[in-house]
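Trainee: For reference, this is entry_11.cif, and it has mmCIF, C-alpha atoms.
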data_entry
#
loop_
_atom_site.label_atom_id
_atom_site.label_comp_id
_atom_site.auth_asym_id
_atom_site.auth_seq_id
_atom_site.Cartn_x
_atom_site.Cartn_y
_atom_site.Cartn_z
CA MET A 1 70.46 168.64 159.43
CA LYS A 2 69.49 165.48 161.32
CA ILE A 3 66.40 165.59 163.53
CA LYS A 4 66.84 163.16 166.40
CA PRO A 5 64.12 162.00 168.82
CA LEU A 6 64.26 162.94 172.46
CA SER A 7 65.52 160.24 174.78
CA PRO A 8 62.80 159.06 177.21
CA GLU A 9 65.36 158.73 180.03
CA VAL A 10 66.88 161.33 182.33
CA SER A 11 70.29 160.58 183.82
CA ARG A 12 71.10 161.25 187.47
CA THR A 13 73.44 164.06 186.40
CA GLU A 14 70.70 165.74 184.37
CA PHE A 15 68.26 165.24 187.26
CA LEU A 16 70.55 167.04 189.70
CA ARG A 17 71.39 169.81 187.25
CA ARG A 18 67.78 170.57 186.41
CA THR A 19 66.50 170.52 189.97
CA GLY A 20 69.46 172.59 191.24
CA ALA A 21 68.95 173.65 194.83
CA LEU A 22 65.36 172.40 195.03
CA GLY A 23 66.26 168.99 196.44
CA ILE A 24 64.00 165.92 196.53
CA ALA A 25 60.84 167.79 197.52
CA GLY A 26 61.33 170.29 194.74
CA ALA A 27 61.99 167.50 192.27
CA SER A 28 58.61 165.98 192.91
CA VAL A 29 56.98 169.37 192.36
CA LEU A 30 58.73 169.61 188.99
CA GLY A 31 57.27 166.28 187.99
CA PHE A 32 60.18 163.92 188.61
CA PRO A 33 58.44 160.91 190.24
CA LEU A 34 60.01 159.58 193.42
CA LEU A 35 58.22 156.24 193.02
CA GLU A 36 56.64 154.74 189.93
CA THR A 37 53.57 152.58 190.48
CA ARG A 38 53.25 151.27 186.94
CA PRO A 39 53.18 147.73 185.54
CA LEU A 40 56.43 145.79 185.36
CA GLY A 41 58.11 146.29 181.97
CA ALA A 42 56.35 149.57 181.20
CA MET A 43 58.33 152.19 179.28
CA PRO A 44 59.98 154.89 181.41
CA LEU A 45 58.14 158.17 181.75
CA PRO A 46 59.25 160.89 179.29
CA PRO A 47 61.28 163.73 180.79
CA PRO A 48 59.19 166.58 182.20
CA LYS A 49 59.61 170.10 180.98
CA ASP A 50 62.26 172.04 182.85
CA VAL A 51 60.68 174.63 185.10
CA ILE A 52 62.78 176.24 187.80
CA ALA A 53 60.60 177.34 190.69
CA ALA A 54 61.15 180.69 192.37
CA GLY A 55 64.18 180.46 194.62
CA GLY A 56 65.58 177.43 192.81
CA GLY A 57 69.01 177.28 191.21
CA VAL A 58 70.33 176.02 187.90
CA THR A 59 73.72 175.86 186.18
CA ILE A 60 74.05 176.48 182.43
CA LYS A 61 77.05 174.79 180.81
CA ILE A 62 78.94 176.74 178.13
CA GLY A 63 81.22 174.46 176.12
CA HIS A 64 84.29 176.33 174.87
CA VAL A 65 86.25 174.64 172.07
CA ASP A 66 89.41 176.58 171.28
CA SER A 67 93.14 176.39 170.55
CA PHE A 68 94.67 175.94 173.99
CA SER A 69 97.64 174.20 172.39
CA GLY A 70 99.12 174.29 168.90
CA VAL A 71 100.04 177.21 166.69
CA TYR A 72 97.32 179.55 168.04
CA ALA A 73 97.54 178.69 171.74
CA ALA A 74 98.22 182.25 172.98
CA ALA A 75 95.21 183.63 171.11
CA GLY A 76 92.93 180.78 172.21
CA SER A 77 93.93 181.32 175.85
CA SER A 78 93.22 185.03 175.40
CA GLN A 79 89.67 184.31 174.30
CA GLN A 80 89.25 181.99 177.29
CA THR A 81 90.26 184.69 179.79
CA GLY A 82 87.67 187.07 178.33
CA LEU A 83 84.98 184.41 178.59
CA GLU A 84 86.01 183.64 182.17
CA ALA A 85 85.83 187.33 183.07
CA VAL A 86 82.21 187.78 182.05
CA VAL A 87 81.10 184.47 183.56
CA ASP A 88 82.82 185.32 186.85
CA ASP A 89 81.20 188.77 186.84
CA TRP A 90 77.76 187.23 186.29
CA ASN A 91 78.12 184.46 188.87
CA LYS A 92 79.17 186.92 191.60
CA LYS A 93 75.97 188.90 191.11
CA ASN A 94 73.46 186.09 190.47
CA SER A 95 72.82 183.04 192.61
CA ARG A 96 69.72 181.55 190.98
CA VAL A 97 71.23 181.04 187.50
CA GLN A 98 74.93 180.21 187.32
CA PHE A 99 77.14 179.60 184.28
CA ALA A 100 80.01 177.12 184.03
CA ILE A 101 82.65 176.85 181.30
CA LEU A 102 83.67 173.43 179.97
CA LYS A 103 86.90 173.52 177.95
CA GLY A 104 87.81 171.51 174.89
CA ASP A 105 91.26 171.87 173.29
CA ASP A 106 91.12 171.64 169.48
CA ASN A 107 94.95 171.78 169.11
CA THR A 108 94.29 173.94 166.01
CA LYS A 109 93.19 170.79 164.14
CA PRO A 110 89.70 170.47 162.59
CA ALA A 111 89.32 166.74 163.38
CA VAL A 112 90.28 167.30 167.01
CA GLY A 113 87.88 170.24 167.23
CA SER A 114 85.00 168.10 165.98
CA THR A 115 85.84 165.35 168.45
CA GLU A 116 86.01 167.77 171.36
CA ALA A 117 82.74 169.42 170.33
CA LYS A 118 81.01 166.04 170.21
CA ARG A 119 82.43 165.11 173.63
CA LEU A 120 81.12 168.34 175.17
CA ILE A 121 77.72 167.78 173.57
CA THR A 122 77.16 164.08 174.22
CA GLN A 123 79.18 163.38 177.37
CA GLU A 124 79.38 166.70 179.23
CA LYS A 125 75.89 167.82 178.15
CA ALA A 126 76.98 171.37 177.38
CA ASP A 127 73.91 173.54 176.79
CA VAL A 128 75.58 175.72 174.14
CA LEU A 129 78.98 175.81 172.46
CA CYS A 130 81.26 178.69 171.59
CA GLY A 131 84.88 179.21 170.55
CA GLY A 132 87.10 178.84 167.56
CA LEU A 133 90.16 180.70 166.44
CA SER A 134 91.30 178.74 163.41
CA SER A 135 88.68 179.15 160.70
CA ALA A 136 89.18 175.57 159.53
CA VAL A 137 88.47 174.35 163.07
CA GLY A 138 85.54 176.75 163.39
CA LEU A 139 83.94 175.36 160.25
CA ALA A 140 84.39 171.80 161.55
CA VAL A 141 82.91 172.60 164.97
CA SER A 142 80.03 174.49 163.36
CA ALA A 143 79.23 171.41 161.24
CA THR A 144 79.28 169.19 164.36
CA CYS A 145 76.90 171.55 166.15
CA GLU A 146 74.63 171.58 163.09
CA GLU A 147 74.61 167.77 163.07
CA ASN A 148 73.64 167.71 166.76
CA ASN A 149 71.22 170.67 166.77
CA VAL A 150 73.35 172.64 169.26
CA PHE A 151 73.70 176.42 169.29
CA PHE A 152 77.23 177.61 168.39
CA LEU A 153 78.73 181.09 168.70
CA ALA A 154 82.00 181.35 166.78
CA ILE A 155 84.19 183.70 168.80
CA GLY A 156 87.26 184.44 166.71
CA THR A 157 87.03 182.68 163.33
CA HIS A 158 87.32 185.14 160.42
CA ASP A 159 86.77 183.15 157.21
CA THR A 160 83.89 184.95 155.48
CA ASN A 161 82.34 181.63 154.47
CA ILE A 162 81.28 180.93 158.07
CA THR A 163 78.55 183.56 157.66
CA GLY A 164 78.46 183.05 153.90
CA PRO A 165 78.23 179.98 151.64
CA LYS A 166 79.17 177.62 154.52
CA ALA A 167 76.74 179.09 157.04
CA ASN A 168 74.17 177.05 158.93
CA ARG A 169 71.22 177.87 161.13
CA VAL A 170 72.82 177.06 164.51
CA CYS A 171 75.98 179.16 163.98
CA PHE A 172 76.51 182.87 164.69
CA ARG A 173 79.80 184.81 164.56
CA GLN A 174 81.02 187.28 167.21
CA THR A 175 84.09 188.68 165.46
CA ALA A 176 84.37 190.52 162.15
CA SER A 177 84.66 188.49 158.97
CA ASN A 178 87.65 188.75 156.64
CA ALA A 179 85.45 190.66 154.21
CA MET A 180 84.75 193.25 156.92
CA LEU A 181 88.42 193.51 157.91
CA ALA A 182 89.56 193.83 154.30
CA ASN A 183 87.07 196.66 153.80
CA ALA A 184 88.71 198.46 156.73
CA VAL A 185 92.38 197.80 155.92
CA GLY A 186 92.27 197.69 152.11
CA PRO A 187 91.56 201.40 151.55
CA ALA A 188 94.32 202.34 154.02
CA LEU A 189 96.85 200.12 152.23
CA LEU A 190 95.86 201.52 148.83
CA LYS A 191 97.13 204.91 150.01
CA LYS A 192 100.57 203.30 150.44
CA GLY A 193 100.74 201.74 147.00
CA LYS A 194 98.85 199.75 144.36
CA ARG A 195 101.28 196.91 143.61
CA TRP A 196 100.76 194.25 146.25
CA TYR A 197 102.58 191.01 146.96
CA PHE A 198 100.59 188.48 149.04
CA LEU A 199 101.96 185.95 151.51
CA VAL A 200 99.09 183.56 152.19
CA ALA A 201 98.58 180.84 154.82
CA ASP A 202 97.25 177.83 152.95
CA TYR A 203 93.98 177.21 154.78
CA ALA A 204 90.49 178.71 155.00
CA PHE A 205 91.40 181.94 156.80
CA GLY A 206 94.42 182.79 154.64
CA THR A 207 92.96 182.02 151.24
CA ASP A 208 89.75 183.88 152.06
CA ALA A 209 91.74 186.94 153.22
CA TYR A 210 93.73 186.86 149.98
CA ALA A 211 90.55 186.72 147.88
CA ARG A 212 88.99 189.65 149.77
CA PHE A 213 92.08 191.85 149.51
CA LYS A 214 92.66 191.02 145.85
CA LYS A 215 89.10 192.00 144.97
CA ILE A 216 89.58 195.42 146.58
CA LEU A 217 92.99 195.91 144.95
CA LEU A 218 91.80 195.15 141.42
CA ALA A 219 88.59 197.15 141.83
CA ASN A 220 90.73 200.21 142.58
CA GLY A 221 93.06 199.87 139.62
CA GLY A 222 95.80 198.04 141.52
CA GLN A 223 98.03 195.20 140.38
CA GLU A 224 98.97 191.92 142.01
CA ALA A 225 102.77 191.74 141.93
CA GLY A 226 102.70 188.11 143.04
CA SER A 227 101.50 185.69 145.70
CA ASP A 228 102.70 182.63 147.57
CA LEU A 229 100.90 180.00 149.63
CA HIS A 230 102.67 178.65 152.70
CA PRO A 231 101.63 175.83 155.08
CA LEU A 232 100.20 176.69 158.49
CA GLY A 233 103.02 176.67 161.03
CA ALA A 234 105.82 177.16 158.47
CA THR A 235 109.21 178.26 159.79
CA ASP A 236 111.17 179.09 156.64
CA TYR A 237 109.77 181.85 154.42
CA SER A 238 112.99 182.75 152.62
CA ALA A 239 111.96 181.37 149.22
CA TYR A 240 108.66 183.27 149.23
CA LEU A 241 110.19 186.51 150.44
CA THR A 242 113.04 186.35 147.96
CA ARG A 243 110.46 186.16 145.18
CA ALA A 244 108.68 189.16 146.69
CA ARG A 245 111.98 191.09 146.80
CA ASN A 246 112.48 190.45 143.09
CA THR A 247 109.20 192.16 142.14
CA ASN A 248 108.22 195.82 141.95
CA ALA A 249 105.70 195.47 144.82
CA ASP A 250 105.24 198.51 147.04
CA VAL A 251 103.03 196.73 149.63
CA LEU A 252 103.67 193.33 151.25
CA VAL A 253 100.37 191.87 152.45
CA PHE A 254 100.39 189.18 155.14
CA CYS A 255 97.35 186.92 154.88
CA ASN A 256 98.39 184.89 157.89
CA TYR A 257 98.28 185.19 161.67
CA GLY A 258 99.99 184.23 164.91
CA PRO A 259 103.43 182.58 164.74
CA ASP A 260 103.20 182.56 160.93
CA CYS A 261 102.91 186.34 160.91
CA GLN A 262 105.65 186.70 163.52
CA ASN A 263 108.14 184.47 161.71
CA SER A 264 107.45 185.75 158.21
CA SER A 265 107.64 189.42 159.24
CA LYS A 266 110.96 188.82 161.03
CA GLN A 267 112.42 187.16 157.94
CA ALA A 268 111.05 189.90 155.70
CA VAL A 269 112.82 192.52 157.82
CA ALA A 270 116.01 190.45 157.77
CA LEU A 271 115.88 190.71 153.97
CA GLY A 272 115.33 194.48 154.20
CA LEU A 273 111.88 194.40 152.55
CA GLN A 274 110.49 197.01 154.96
CA LYS A 275 112.79 199.56 153.28
CA ARG A 276 111.08 199.02 149.93
CA MET A 277 107.52 198.09 150.85
CA THR A 278 104.84 199.02 153.34
CA PHE A 279 103.84 196.04 155.45
CA GLY A 280 100.22 195.27 156.21
CA GLY A 281 97.86 192.40 156.76
CA ILE A 282 94.40 191.07 157.38
CA LEU A 283 94.77 190.71 161.13
CA CYS A 284 97.03 191.51 164.08
CA GLY A 285 96.86 192.32 167.78
CA ASN A 286 99.16 192.81 170.74
CA GLU A 287 99.39 189.05 171.35
CA VAL A 288 100.94 188.65 167.87
CA ALA A 289 102.86 191.95 167.63
CA VAL A 290 104.81 191.08 170.78
CA GLY A 291 106.76 188.58 168.65
CA MET A 292 107.16 190.82 165.59
CA PRO A 293 109.92 193.31 164.69
CA VAL A 294 107.59 196.17 165.61
CA ASP A 295 110.28 198.86 165.76
CA ASP A 296 111.22 198.10 162.15
CA ILE A 297 107.67 198.18 160.80
CA VAL A 298 106.25 201.31 162.43
CA GLY A 299 103.40 202.57 160.26
CA SER A 300 102.35 199.10 159.06
CA LEU A 301 98.58 198.58 158.85
CA TRP A 302 96.54 195.60 160.05
CA GLY A 303 92.99 194.42 160.57
CA TYR A 304 92.07 195.36 164.14
CA VAL A 305 88.94 194.50 166.11
CA TRP A 306 88.94 196.58 169.30
CA GLY A 307 90.89 198.68 171.75
CA PRO A 308 89.68 201.06 174.48
CA GLU A 309 90.56 203.93 172.13
CA ALA A 310 87.68 202.81 169.89
CA GLU A 311 85.40 204.83 172.16
CA PRO A 312 87.66 207.28 174.03
CA GLY A 313 86.20 208.67 177.21
CA ASN A 314 83.87 205.71 177.71
CA PRO A 315 84.41 204.57 181.32
CA GLN A 316 82.97 201.13 180.57
CA ALA A 317 85.57 200.53 177.83
CA ALA A 318 88.35 201.64 180.17
CA ALA A 319 87.02 199.43 182.97
CA LEU A 320 86.82 196.39 180.72
CA TYR A 321 90.35 196.92 179.44
CA LYS A 322 91.58 197.17 183.03
CA GLU A 323 89.83 193.91 183.93
CA LEU A 324 91.20 192.11 180.89
CA LYS A 325 94.69 193.45 181.58
CA ALA A 326 94.60 191.93 185.06
CA ARG A 327 93.81 188.54 183.52
CA ALA A 328 96.46 188.68 180.79
CA VAL A 329 99.12 186.36 182.15
CA GLY A 330 101.78 185.16 179.73
CA PHE A 331 100.56 187.42 176.91
CA PRO A 332 99.78 191.13 176.42
CA THR A 333 96.26 192.49 176.83
CA ASN A 334 94.54 192.10 173.46
CA TRP A 335 91.29 192.20 171.55
CA ARG A 336 91.00 188.39 171.58
CA GLN A 337 90.15 188.76 175.27
CA TYR A 338 87.53 191.33 174.31
CA LEU A 339 85.97 188.88 171.83
CA GLY A 340 85.74 186.19 174.52
CA TYR A 341 84.11 188.67 176.87
CA MET A 342 81.58 189.88 174.31
CA ALA A 343 80.75 186.34 173.22
CA GLY A 344 80.10 185.30 176.82
CA LYS A 345 78.04 188.39 177.55
CA ASN A 346 75.89 187.89 174.47
CA LEU A 347 75.36 184.21 175.29
CA ILE A 348 74.31 185.00 178.85
CA ASP A 349 72.07 187.90 177.82
CA CYS A 350 70.35 185.90 175.09
CA ILE A 351 69.83 182.79 177.24
CA MET A 352 68.25 184.94 179.94
CA LYS A 353 66.18 186.83 177.38
CA ALA A 354 64.99 183.63 175.70
CA GLY A 355 64.36 182.03 179.08
CA THR A 356 65.71 178.72 177.84
CA THR A 357 68.65 176.89 176.28
CA ASP A 358 66.41 175.57 173.50
CA THR A 359 68.41 175.94 170.29
CA GLU A 360 65.69 177.34 168.06
CA LYS A 361 64.57 179.86 170.67
CA LEU A 362 68.18 180.99 171.11
CA ILE A 363 68.53 181.42 167.35
CA GLU A 364 65.40 183.57 167.25
CA THR A 365 66.70 185.67 170.16
CA PHE A 366 70.15 186.20 168.62
CA GLU A 367 68.60 187.18 165.29
CA THR A 368 67.14 190.32 166.89
CA HIS A 369 69.83 190.91 169.53
CA LYS A 370 71.45 194.34 169.87
CA TYR A 371 74.34 194.90 172.26
CA ASP A 372 76.85 197.49 173.43
CA ALA A 373 80.15 196.57 171.75
CA LEU A 374 81.92 199.53 173.37
CA LYS A 375 82.33 200.92 169.87
CA PRO A 376 80.58 203.83 168.14
CA GLY A 377 77.41 203.08 166.23
CA GLY A 378 76.12 200.16 168.26
CA ALA A 379 76.25 196.50 167.31
CA TYR A 380 73.81 193.71 166.51
CA PHE A 381 73.52 190.24 165.04
CA ARG A 382 71.64 190.21 161.78
CA LYS A 383 69.14 187.59 160.72
CA CYS A 384 70.23 187.13 157.12
CA ASP A 385 73.70 185.70 157.77
CA HIS A 386 74.11 185.57 161.59
CA GLN A 387 77.06 187.98 161.47
CA ALA A 388 77.73 190.46 164.29
CA ILE A 389 77.61 193.88 162.65
CA GLN A 390 80.09 196.23 164.30
CA GLU A 391 82.62 198.93 163.54
CA VAL A 392 86.02 197.58 162.38
CA TYR A 393 89.45 199.17 162.12
CA ALA A 394 92.81 199.50 160.46
CA GLY A 395 95.29 199.35 163.32
CA GLU A 396 98.67 201.01 162.87
CA ILE A 397 101.84 199.95 164.70
CA VAL A 398 103.25 203.02 166.42
CA ALA A 399 106.74 204.01 167.57
CA ALA A 400 107.85 202.98 171.05
CA ASN A 401 107.60 206.52 172.41
CA LYS A 402 103.93 206.71 171.40
CA ARG A 403 102.79 203.45 172.99
CA PRO A 404 100.61 203.67 176.12
CA SER A 405 102.72 200.87 177.61
CA ALA A 406 105.52 198.60 176.44
CA GLN A 407 103.21 195.93 174.99
CA GLU A 408 100.47 198.12 173.52
CA TYR A 409 101.62 198.50 169.94
CA PHE A 410 98.65 199.91 168.00
CA LYS A 411 96.59 202.97 167.42
CA ILE A 412 93.40 203.03 165.37
CA ALA A 413 94.36 204.59 162.06
CA SER A 414 90.90 204.47 160.47
CA ALA A 415 87.43 203.11 161.20
CA VAL A 416 84.70 201.68 158.99
CA GLY A 417 81.07 201.35 160.04
CA GLY A 418 79.77 197.82 160.49
CA GLU A 419 77.06 197.94 157.85
CA PHE A 420 79.45 199.29 155.23
CA ALA A 421 82.12 196.75 156.20
CA ALA A 422 79.75 193.78 156.03
CA GLY A 423 77.83 194.99 153.01
CA PRO A 424 74.06 194.60 152.58
CA CYS A 425 72.23 191.30 152.98
CA SER A 426 71.96 191.28 149.19
CA ASN A 427 75.73 190.74 148.79
CA PRO A 428 76.57 187.26 147.41
CA ASP A 429 78.03 185.90 150.67
CA SER A 430 75.08 186.96 152.81
CA GLU A 431 72.55 185.88 150.18
CA ALA A 432 74.09 182.40 150.17
CA ALA A 433 73.97 182.28 153.97
CA GLU A 434 70.36 183.43 154.11
CA LYS A 435 69.19 180.70 151.73
CA ILE A 436 70.85 178.04 153.88
CA ILE A 437 69.65 179.46 157.21
CA ASP A 438 66.05 179.86 156.05
CA SER A 439 65.91 176.35 154.59
CA GLN A 440 67.03 174.52 157.74
CA LYS A 441 64.84 173.30 160.58
CA ILE A 442 66.16 172.56 164.05
CA GLY A 443 65.07 169.31 165.67
CA PRO A 444 65.46 168.34 169.33
CA ARG A 445 68.83 167.27 170.72
CA SER A 446 69.29 163.63 171.54
CA ASP A 447 69.22 162.82 175.28
CA TYR A 448 68.74 166.45 176.24
CA THR A 449 65.95 168.62 177.60
CA PRO A 450 66.45 172.38 177.33
CA VAL A 451 66.90 174.19 180.63
CA LYS A 452 64.44 176.95 181.43
CA VAL A 453 65.62 179.89 183.47
#
In C-alpha cells, what does this structure look like?

Mentor:
Amino acid sequence: MKIKPLSPEVSRTEFLRRTGALGIAGASVLGFPLLETRPLGAMPLPPPKDVIAAGGGVTIKIGHVDSFSGVYAAAGSSQQTGLEAVVDDWNKKNSRVQFAILKGDDNTKPAVGSTEAKRLITQEKADVLCGGLSSAVGLAVSATCEENNVFFLAIGTHDTNITGPKANRVCFRQTASNAMLANAVGPALLKKGKRWYFLVADYAFGTDAYARFKKILLANGGQEAGSDLHPLGATDYSAYLTRARNTNADVLVFCNYGPDCQNSSKQAVALGLQKRMTFGGILCGNEVAVGMPVDDIVGSLWGYVWGPEAEPGNPQAAALYKELKARAVGFPTNWRQYLGYMAGKNLIDCIMKAGTTDTEKLIETFETHKYDALKPGGAYFRKCDHQAIQEVYAGEIVAANKRPSAQEYFKIASAVGGEFAAGPCSNPDSEAAEKIIDSQKIGPRSDYTPVKV
C-alpha cells in the first residue's frame, strides 16, 4: 500500500466544504489565514486540522461506484435507491452534518470501475467509497481504494476472496459472501438430490460460487454430474443445457446472476429440465426472478439475503420494506435495496461514531461495529476479515397464489446463523484475510484532510 504525503495546499472547494456554514469569520477561527504576512516565495502554510465549531455545518461525500448500466444495471440501481433512502432520512433530521452521494457508473467492467473510483477520489474528493455488484469490479475498486488509502465498503459483491485471500485493510463487505450463501443453500439442495450439474458464469463471482457449492456437495457424499463455464452476458445456453440434459443430474445449480440467470433458466425450462431436476442457485432476488419462468420452477432454492419475513412482527422491518417499495421504480422491491440502505446506515453511524473521515479511524470503528440488520441474532463486522456477520437464507420460489404481491416471489425456506455461515476466523479464507489486514499500514491520502464531525 502506497503512503503518500499530504499536500500543503487547500483548494477553494475544500476550504468551502470544511468551513461549511461558518463563513469567513469562522474560517479564521479554524485557522485558515485571511492574509499571509510572510516573506515572498515562502512555502504555503500546511492545512489546519478540521474542527467544526458548534453550530457549524459540513457535508460528507459518499462516492458510490456501481453498475448503473451494463448487465447488472437493475441491481446496481436497486442498491442506489437504498443508499439514497438512508441518506435522505439522515439529512432530513440533521442539519449540522449532511451527507451527499456522488455516483460513478462502472458499466460492470473492472477497468471502468477503477477509473470511476479514482475520479471520485482525486477529482470529486469523496470522503469514503462504497458500492459494487460485480465481484470482478468490486475487487478492482477495492484495489484502487487500497492504493489511495480510501475507506471502501463493498455493498453487494459476493466473491469470498474479497474478505479472504484478496482482502485489504481499507475494504469491508456489507453483503454475505458466496461461502456464507452456499452454507445456507447447499444443505437445502442436498435434500433434493446429490448429483449436481453446474452452470457457471466465467468470472470471479461464478467460479467462486461453483467452488463453494462443490466443496459442500463432495463433503456430503454427492457427485458432480458435470459443469460448464459461460461468458458473462451470454445469450445462448443451449449447448450447455443439452449436455446437462444428457446426464443423470437431479439438481441443476446456477452459479450466475441477473440476465444470465434469467436467460439460462428460461432456456432450461424450454428444454424441459425442470421436469427432471430441481433448480437452485447461489443467488436470486425479486429483481432477477421477475424475468425468470417462476411459475415453472416453483420450489427452486436460491441464496437469499433479506426480506421483511426474516423477522416477522418487527415494525422496523415492515417500515423499511414499505419505504424501499416506494422507491422501487422500474424494478420490484428487493434485497439489493436493503443492502444499499444498510451500507449507508453503517457508513453514517461509523463516521459519526469515529468523529472523522480519517481512513484508519474508520477501519478501527468498523472492526468493532455492531448493528441491527433487521434479522434474528444481531449483526456485526468482524476484525479478522472485515466481513459483515449476519443470518443468511435459502429462498424458495413460491406459487402465484402464495405470493404477498405479484412481484414478491420468495419465502424463506431455511435460515443459517451468521457465525456458522461464515465459519470461524481460523478458516483458511479468513486466516488469509487477517494476515493481509494486520500487515498493512494506512498512510494519509494525497491532497486530502479528513473531515471531523

Trainee: One number please: atom CA of A:Ser142 to atom CA of A:Arg212, in Å, one decimal.

Mentor: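 Taking atom CA of A:Ser142 and atom CA of A:Arg212, their separation equals 22.2 Å.
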
Trainee: Considering all atoms listed in the file, return as JSON, numbers by chain whatever protein or nucleic-acid residues lie within 9 Å of A:Ser265, sequence-local ones (same chain, fewer than 2 positions apart) excluded.

Mentor: {"A": [254, 260, 261, 262, 263, 267, 268, 269, 270, 279, 292, 293, 297]}

Trainee: Keeping only C-alpha atoms, write those residues as an mmCIF file, in the coordinates of the input.

Mentor:
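What landed in part.cif:
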data_model
loop_
_atom_site.group_PDB
_atom_site.id
_atom_site.type_symbol
_atom_site.label_atom_id
_atom_site.label_comp_id
_atom_site.auth_asym_id
_atom_site.auth_seq_id
_atom_site.Cartn_x
_atom_site.Cartn_y
_atom_site.Cartn_z
ATOM 1 C CA PHE A 254 100.390 189.180 155.140
ATOM 2 C CA ASP A 260 103.200 182.560 160.930
ATOM 3 C CA CYS A 261 102.910 186.340 160.910
ATOM 4 C CA GLN A 262 105.650 186.700 163.520
ATOM 5 C CA ASN A 263 108.140 184.470 161.710
ATOM 6 C CA GLN A 267 112.420 187.160 157.940
ATOM 7 C CA ALA A 268 111.050 189.900 155.700
ATOM 8 C CA VAL A 269 112.820 192.520 157.820
ATOM 9 C CA ALA A 270 116.010 190.450 157.770
ATOM 10 C CA PHE A 279 103.840 196.040 155.450
ATOM 11 C CA MET A 292 107.160 190.820 165.590
ATOM 12 C CA PRO A 293 109.920 193.310 164.690
ATOM 13 C CA ILE A 297 107.670 198.180 160.800
#

Trainee: Which residues come within 8 Å of stretch 345-352 of chain A, counting only C-alpha atoms, excluding same-chain residues fewer than 3 positions away, as a list in words?

Mentor: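 Answer for this query is Val86, Val87, Tyr341, Met342, Gly355, Thr356, Thr357, Leu362, Thr365, Phe366, His369, Tyr371 and Val453 of chain A.
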
Trainee: For stretch 144-155 of chain A, list every protein, DNA or RNA residue within 8 Å, evaluated using all atoms listed in the file, and leave out those in the same chain fewer than 4 positions away; present the list as a ChimeraX atom specification.

Mentor: /A:1-3,79,114,117-118,121,127-133,138,140,168-175,339-340,343,359,362-363,442-446

Trainee: Could those residues be written to a file, using C-alpha atoms, as a compact mmCIF listing (two decimals), keeping the file's coordinate frame?

Mentor:
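result-v8.txt was written with the following content:
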# COMPACT_ATOMS: atom_id res chain seq x y z
CA MET A 1 70.46 168.64 159.43
CA LYS A 2 69.49 165.48 161.32
CA ILE A 3 66.40 165.59 163.53
CA GLN A 79 89.67 184.31 174.30
CA SER A 114 85.00 168.10 165.98
CA ALA A 117 82.74 169.42 170.33
CA LYS A 118 81.01 166.04 170.21
CA ILE A 121 77.72 167.78 173.57
CA ASP A 127 73.91 173.54 176.79
CA VAL A 128 75.58 175.72 174.14
CA LEU A 129 78.98 175.81 172.46
CA CYS A 130 81.26 178.69 171.59
CA GLY A 131 84.88 179.21 170.55
CA GLY A 132 87.10 178.84 167.56
CA LEU A 133 90.16 180.70 166.44
CA GLY A 138 85.54 176.75 163.39
CA ALA A 140 84.39 171.80 161.55
CA ASN A 168 74.17 177.05 158.93
CA ARG A 169 71.22 177.87 161.13
CA VAL A 170 72.82 177.06 164.51
CA CYS A 171 75.98 179.16 163.98
CA PHE A 172 76.51 182.87 164.69
CA ARG A 173 79.80 184.81 164.56
CA GLN A 174 81.02 187.28 167.21
CA THR A 175 84.09 188.68 165.46
CA LEU A 339 85.97 188.88 171.83
CA GLY A 340 85.74 186.19 174.52
CA ALA A 343 80.75 186.34 173.22
CA THR A 359 68.41 175.94 170.29
CA LEU A 362 68.18 180.99 171.11
CA ILE A 363 68.53 181.42 167.35
CA ILE A 442 66.16 172.56 164.05
CA GLY A 443 65.07 169.31 165.67
CA PRO A 444 65.46 168.34 169.33
CA ARG A 445 68.83 167.27 170.72
CA SER A 446 69.29 163.63 171.54

Trainee: Dump as CSV the rows for residues of stretch 273-387 of chain A within 6 Å of stretch 244-253 of chain A: closest atom pair and distance in Å with one decimal, all atoms listed in the file counted, ordered by chain and rising residue number.

Mentor:
residue,atom,partner,partner_atom,distance
A:Met277,CA,A:Asp250,CA,4.5
A:Thr278,CA,A:Val251,CA,4.7
A:Phe279,CA,A:Leu252,CA,5.0
A:Gly280,CA,A:Val253,CA,5.1
A:Gly281,CA,A:Val253,CA,5.0

Trainee: Figure out the distance between atom CA of A:Ala399 and atom CA of A:Gly272, please, to one decimal in Å.

Mentor: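 Atom-to-atom, atom CA of A:Gly272 to atom CA of A:Ala399, that is 18.5 Å.
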
Trainee: Carefully work through the PyMOL selection byres ((chain A and resi 416) around 9) for this structure and note down the residues it includes, as a list of chain:residue names.

Mentor: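 Expected selection for the PyMOL selection byres ((chain A and resi 416) around 9) here is A:Met180, A:Asn183, A:Ala184, A:Gln390, A:Glu391, A:Val392, A:Tyr393, A:Ala394, A:Ser414, A:Ala415, A:Gly417, A:Gly418, A:Glu419, A:Phe420, A:Ala421.
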
Trainee: For this file, the PyMOL selection byres ((chain A and resi 368) around 8) selects which residues, as a ChimeraX atom specification?

Mentor: /A:364-367,369-370,380-383

Trainee: State, in Å with one decimal place, the distance from atom CA of A:Gly156 to atom CA of A:Gln98.

Mentor: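 Value for the atom CA of A:Gly156-atom CA of A:Gln98 distance: 24.4 Å.
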
Trainee: Within 12 Å of A:Lys215, counting all atoms listed in the file, which residues show up once you throw out same-chain ones fewer than 2 positions away? Write them as a list in words, please.

Mentor: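 Returned residues: Ala179, Ala182, Asn183, Gly186, Pro187, Trp196, Asp208, Ala209, Tyr210, Ala211, Arg212, Phe213, Leu217, Leu218, Ala219, Asn220, Gly221, Gly222, Gln223 and Glu224 of chain A.
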
Trainee: Which residues fall under the PyMOL selection byres ((chain A and resi 124) around 12) in this file, as a PyMOL selection string?

Mentor: chain A and resi 11+13-14+17+60-64+100-104+116-123+125-129+447-448

Trainee: Considering all atoms listed in the file, can you say which of A:Pro315, A:Gly82, A:Gly291, A:Gly395 comes closest to A:Lys411?

Mentor: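 Closest to A:Lys411, using all atoms listed in the file: A:Gly395.
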
Trainee: Which residue, A:Ala204, A:Ile437, A:Ala289, A:Leu229, has the smallest gap to A:Val398 when you use all atoms listed in the file?

Mentor: A:Ala289
